[in-house]
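Notes for the one structure printed next.
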Amino acid sequence: MYELFIILYNIGVWVASFFSKKVRAMWKGEHRTFRVLREKIDPNAMYIWFHAASLGEFEQGRPIMEAIRREHPGYKILLTFFSPSGYEVRKNYDGADVVVYLPIDTKRNARRFLRLTNPVMAFFIKYEFWSNYLHMLKERHVPTFSVSSIFRPNQIFFRAYGKGYGKVLDCFTHFFVQNEESRDLLKSIGIDCVSVTGDTRFDRVLQIRDAGKSLPIVENFVGGTAEDRPHVFIAGSSWPPDEDIFIRYFNEHRDWKLIIAPHVIGDDHMKQILGKLERKTVRYTEATTENVVGAECLIIDCFGLLSSIYRYADVTYVGGGFGVGIHNVLEAAVWGKPVIFGPNNKNFQEAQGLLKAGGGFEITSYDDFVGVMRKLADDKALEQSRERAGGFVESLAGATRQIMKEVKFDF
């Protein structure tokens with residue numbers, strides 16, 4: 001049944017590739033994988049394989065890859081992606097020796113892939129459970145780990161009809177899960193090789209913070225010192241429903257400066273944002289250290305800056321909560337910034353933790369947003385929320401070190 005599903009899925013991807021550039025890139029990338037592996041894999045080397053679905057999972061695996069590089073340089077790193085949004089951004093990542101798409105999970109592909117790469121160890125990040133690959137890793141006696149994984153009662157593994165597919169979990173040597181609930185769920189189906197280590201993303205955002213870039217254009221836009229400059233509100237990964245709320249507010253409250261880093265930076269979205277703003281605005285790609293001085297709003301219309309930009313905020317907003325789900329709240333919180341976000345956050349453990357800690361604030365409407373901003377206008381409340389946001393991230397770091405202690409490296 002699983003094999004039939006994979007075949008039908010593959011046909012669906014092939015059809016979709018005619019209509020979507022993103023899907024076409026994935027289709028072509030998967031079909032190049034074996035040629036790339038034949039060219040790049042060193043048959044005399046020992047590879048540790050990391051598989052990440054997309055960019056977010058890559059960021060969770062990255063601290064472990066880099067720890068292995070530092071502490072066990074005798075191994076090489078093989079990194080695979082499922083999604084173009086991960087592969088296209090990180091295909092030149094210098095922390096891995098080989099970076100490719102993972103071919104679709106058929107028995108034939110899994111067999112060919114493992115014969116070519118011959119990994120001595122494998123790490124699957126968070127939600128990755130590819131049955132054929134995992135069963136063949138088990139047959140080859142390759143230690144295989146699930147990292148930063150999280151389990152919920154409604155997943156197929158814990159349903160009566162999911163027992164067959166649930167056998168895929170028996171292929172893992174050890175699970176490094178994010179919370180106690182995940183450990184209890186796995187125990188309920190007889191899996192005891194589990195450690196609660198938390199989420200490696202906390203380690204990663206601390207690394208990002210420590211490597212944060214100085215941005216002269218943003219510094220000139222913000223202006224002055226922390227004591228005499230206007231307050232700064234930074235919205236990251238925003239979508240139109242988010243922008244409808246905070247732009248309306250800041251069109252009226254001109255004592256704040258506004259930085260918007262939208263999730264989509266295409267021309268259509270830029271026009272939408274500019275059409276809503278009633279304040280003097282500059283786009284980052286058109287900005288100079290001079291022309292931003294008198295601006296009231298700065299739009300970040302390029303990628304790669306957001307994690308460093310958050311440092312300049314007094315209050316932050318992370319988008320996506322009025323759609324499929326919020327984006328990365330930790331990148332803002334790690335700088336000790338209160339984070340506001342929309343209601344679709346219940347399945348995001350880091351957001352729930354931030355809410356409980358008092359460093360995060362959920363809104364469901366414009367009126368909610370006004371209420372949070374009024375609260376944070378009080379200097380004491382603002383400082384308290386800053387401390388709680390930063391403290392929340394610091395308190396949950398250390399998953400990478402725990403995992404590295406548990407995994408046995410023989411080389």
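The chains in the structure tokens are called A, B, ... from first to last as shown; in each chain the residues are counted from 1, and the ligands are counted from 1 in the order shown.
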
Do a neighbour search on Lys126 (chain A) at 8 Å with only C-alpha atoms, toss out local chain neighbours closer than 6 positions, and write the hits as an mmCIF file with N, CA and C atoms, in the first residue's frame.
```cif
data_model
loop_
_atom_site.group_PDB
_atom_site.id
_atom_site.type_symbol
_atom_site.label_atom_id
_atom_site.label_comp_id
_atom_site.auth_asym_id
_atom_site.auth_seq_id
_atom_site.Cartn_x
_atom_site.Cartn_y
_atom_site.Cartn_z
ATOM 1 N N GLU A 57 13.963 22.492 8.913
ATOM 2 C CA GLU A 57 14.561 21.273 9.463
ATOM 3 C C GLU A 57 16.083 21.300 9.323
ATOM 4 N N SER A 146 16.421 9.991 15.128
ATOM 5 C CA SER A 146 15.418 11.021 14.866
ATOM 6 C C SER A 146 15.702 12.179 15.819
ATOM 7 N N VAL A 147 15.902 13.382 15.254
ATOM 8 C CA VAL A 147 16.376 14.522 16.036
ATOM 9 C C VAL A 147 15.318 15.628 16.068
ATOM 10 N N SER A 148 15.136 16.205 17.246
ATOM 11 C CA SER A 148 14.163 17.293 17.443
ATOM 12 C C SER A 148 12.772 16.880 16.988
ATOM 13 N N SER A 149 12.478 15.596 17.098
ATOM 14 C CA SER A 149 11.161 15.114 16.678
ATOM 15 C C SER A 149 10.123 15.439 17.744
ATOM 16 N N ILE A 150 8.881 15.521 17.277
ATOM 17 C CA ILE A 150 7.772 15.812 18.180
ATOM 18 C C ILE A 150 6.580 14.979 17.721
#
```

Next on the checklist: For Ala295 (chain A), find every residue with an atom within 10 Å (counting only C-alpha atoms), except residues of its own chain fewer than 2 positions away, and show them as number ranges by chain.
Outcome noted: A: 220-222, 257-258, 279-282, 287, 290-293, 297-298

Checklist entry - Of the candidates A:Arg140, A:Pro216, A:His253, A:Pro73, which one gets nearest to Arg374 (chain A) if we count only C-alpha atoms? => result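 Counting only C-alpha atoms, the residue closest to Arg374 (chain A) is A:His253.
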
Next on the checklist: Could you list, as a PyMOL selection string, every residue within 12 Å of Ala211 (chain A), counting only C-alpha atoms and ignoring same-chain residues fewer than 2 positions away?
Outcome noted: chain A and resi 204-209+213-214+305+307-308+311

Checklist entry - CA of Leu354 (chain A) to CA of Ile156 (chain A): how many Å, to one decimal? => result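 For CA of Leu354 (chain A) relative to CA of Ile156 (chain A), the distance reads 28.3 Å.
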
Next on the checklist: With DSSP run on the backbone, what are the helix (DSSP H, G or I) residues within region 281-369 of chain A? I'd like them as a PyMOL selection string.
Outcome noted: chain A and resi 284-286+306-312+330-333+349-357+366-369

Next on the checklist: For the strand (DSSP E) assignment from backbone DSSP, which residues of region 181-246 of chain A qualify? Please present them as number ranges by chain.
Outcome noted: A: 194-196, 231-238

Would you export the selected residues with N, CA and C atoms as a PDB file, in the first residue's frame, please?
```pdb
ATOM      1  N   VAL A 194      14.323   6.503  23.861  1.00  0.00           N
ATOM      2  CA  VAL A 194      13.910   7.903  23.703  1.00  0.00           C
ATOM      3  C   VAL A 194      14.570   8.763  24.771  1.00  0.00           C
ATOM      4  N   SER A 195      15.063   9.921  24.352  1.00  0.00           N
ATOM      5  CA  SER A 195      15.570  10.928  25.286  1.00  0.00           C
ATOM      6  C   SER A 195      14.875  12.249  24.996  1.00  0.00           C
ATOM      7  N   VAL A 196      14.467  12.939  26.063  1.00  0.00           N
ATOM      8  CA  VAL A 196      13.887  14.272  25.900  1.00  0.00           C
ATOM      9  C   VAL A 196      15.035  15.281  25.966  1.00  0.00           C
ATOM     10  N   HIS A 231      10.820  54.573  19.241  1.00  0.00           N
ATOM     11  CA  HIS A 231      10.657  53.132  19.339  1.00  0.00           C
ATOM     12  C   HIS A 231      10.592  52.530  17.939  1.00  0.00           C
ATOM     13  N   VAL A 232      11.054  51.283  17.825  1.00  0.00           N
ATOM     14  CA  VAL A 232      11.113  50.597  16.529  1.00  0.00           C
ATOM     15  C   VAL A 232      10.311  49.305  16.609  1.00  0.00           C
ATOM     16  N   PHE A 233       9.426  49.138  15.659  1.00  0.00           N
ATOM     17  CA  PHE A 233       8.619  47.920  15.536  1.00  0.00           C
ATOM     18  C   PHE A 233       9.084  47.183  14.282  1.00  0.00           C
ATOM     19  N   ILE A 234       9.426  45.907  14.440  1.00  0.00           N
ATOM     20  CA  ILE A 234       9.904  45.107  13.301  1.00  0.00           C
ATOM     21  C   ILE A 234       8.969  43.931  13.090  1.00  0.00           C
ATOM     22  N   ALA A 235       8.430  43.846  11.873  1.00  0.00           N
ATOM     23  CA  ALA A 235       7.557  42.739  11.492  1.00  0.00           C
ATOM     24  C   ALA A 235       8.321  41.830  10.534  1.00  0.00           C
ATOM     25  N   GLY A 236       8.479  40.576  10.922  1.00  0.00           N
ATOM     26  CA  GLY A 236       9.211  39.624  10.098  1.00  0.00           C
ATOM     27  C   GLY A 236       8.302  38.562   9.514  1.00  0.00           C
ATOM     28  N   SER A 237       8.610  38.145   8.274  1.00  0.00           N
ATOM     29  CA  SER A 237       7.874  37.071   7.591  1.00  0.00           C
ATOM     30  C   SER A 237       6.380  37.356   7.546  1.00  0.00           C
ATOM     31  N   SER A 238       6.024  38.602   7.249  1.00  0.00           N
ATOM     32  CA  SER A 238       4.615  39.005   7.275  1.00  0.00           C
ATOM     33  C   SER A 238       3.890  38.643   5.994  1.00  0.00           C
TER      34      SER A 238
END
```

Item to check | Residues within 8 Å of region 322-324 of chain A, only C-alpha atoms, excluding chain neighbours under 2 positions, as a VMD selection string | outcome: chain A and resid 241 to 242 319 to 320 326 342 to 344

Next on the checklist: Env of Lys76 (chain A): 7 Å cut, atoms = only C-alpha atoms, seq-sep filter 4 positions within chain, self excluded. Answer as a VMD selection string.
Outcome noted: chain A and resid 45 to 48 97

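Distance-wise, CA of Ala399 (chain A) and CA of Arg183 (chain A) end up 15.3 Å apart.
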
Checklist entry - With distances taken over only C-alpha atoms, which of A:Trp335, A:Met136, A:Leu185, A:Gly304 is nearest to Val89 (chain A)? => result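 Between A:Trp335, A:Met136, A:Leu185, A:Gly304, the residue approaching Val89 (chain A) most closely is A:Gly304.
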
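In this comparison, which uses only C-alpha atoms, the residue of A:Lys91, A:Arg62, A:His174, A:His327 approaching Glu350 (chain A) most closely is A:His327.
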
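With only C-alpha atoms as the atoms that count, the minimum distance from Lys276 (chain A) to the choices A:Phe250, A:Trp130, A:Phe341, A:Tyr101 is reached by A:Phe250.
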
Item to check | Interatomic distance, CA of Gly95 (chain A) to CA of Asn118 (chain A) (Å, one decimal) | outcome: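 According to the coordinates, CA of Gly95 (chain A) and CA of Asn118 (chain A) are separated by 19.3 Å.
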
Checklist entry - From the set A:Ala261, A:Ile245, A:Leu169, A:Cys193, which residue has the shortest atom-to-atom contact distance to Asp367 (chain A), counting only C-alpha atoms? => result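 Looking at the shortest contact to Asp367 (chain A), the residue is A:Ile245.
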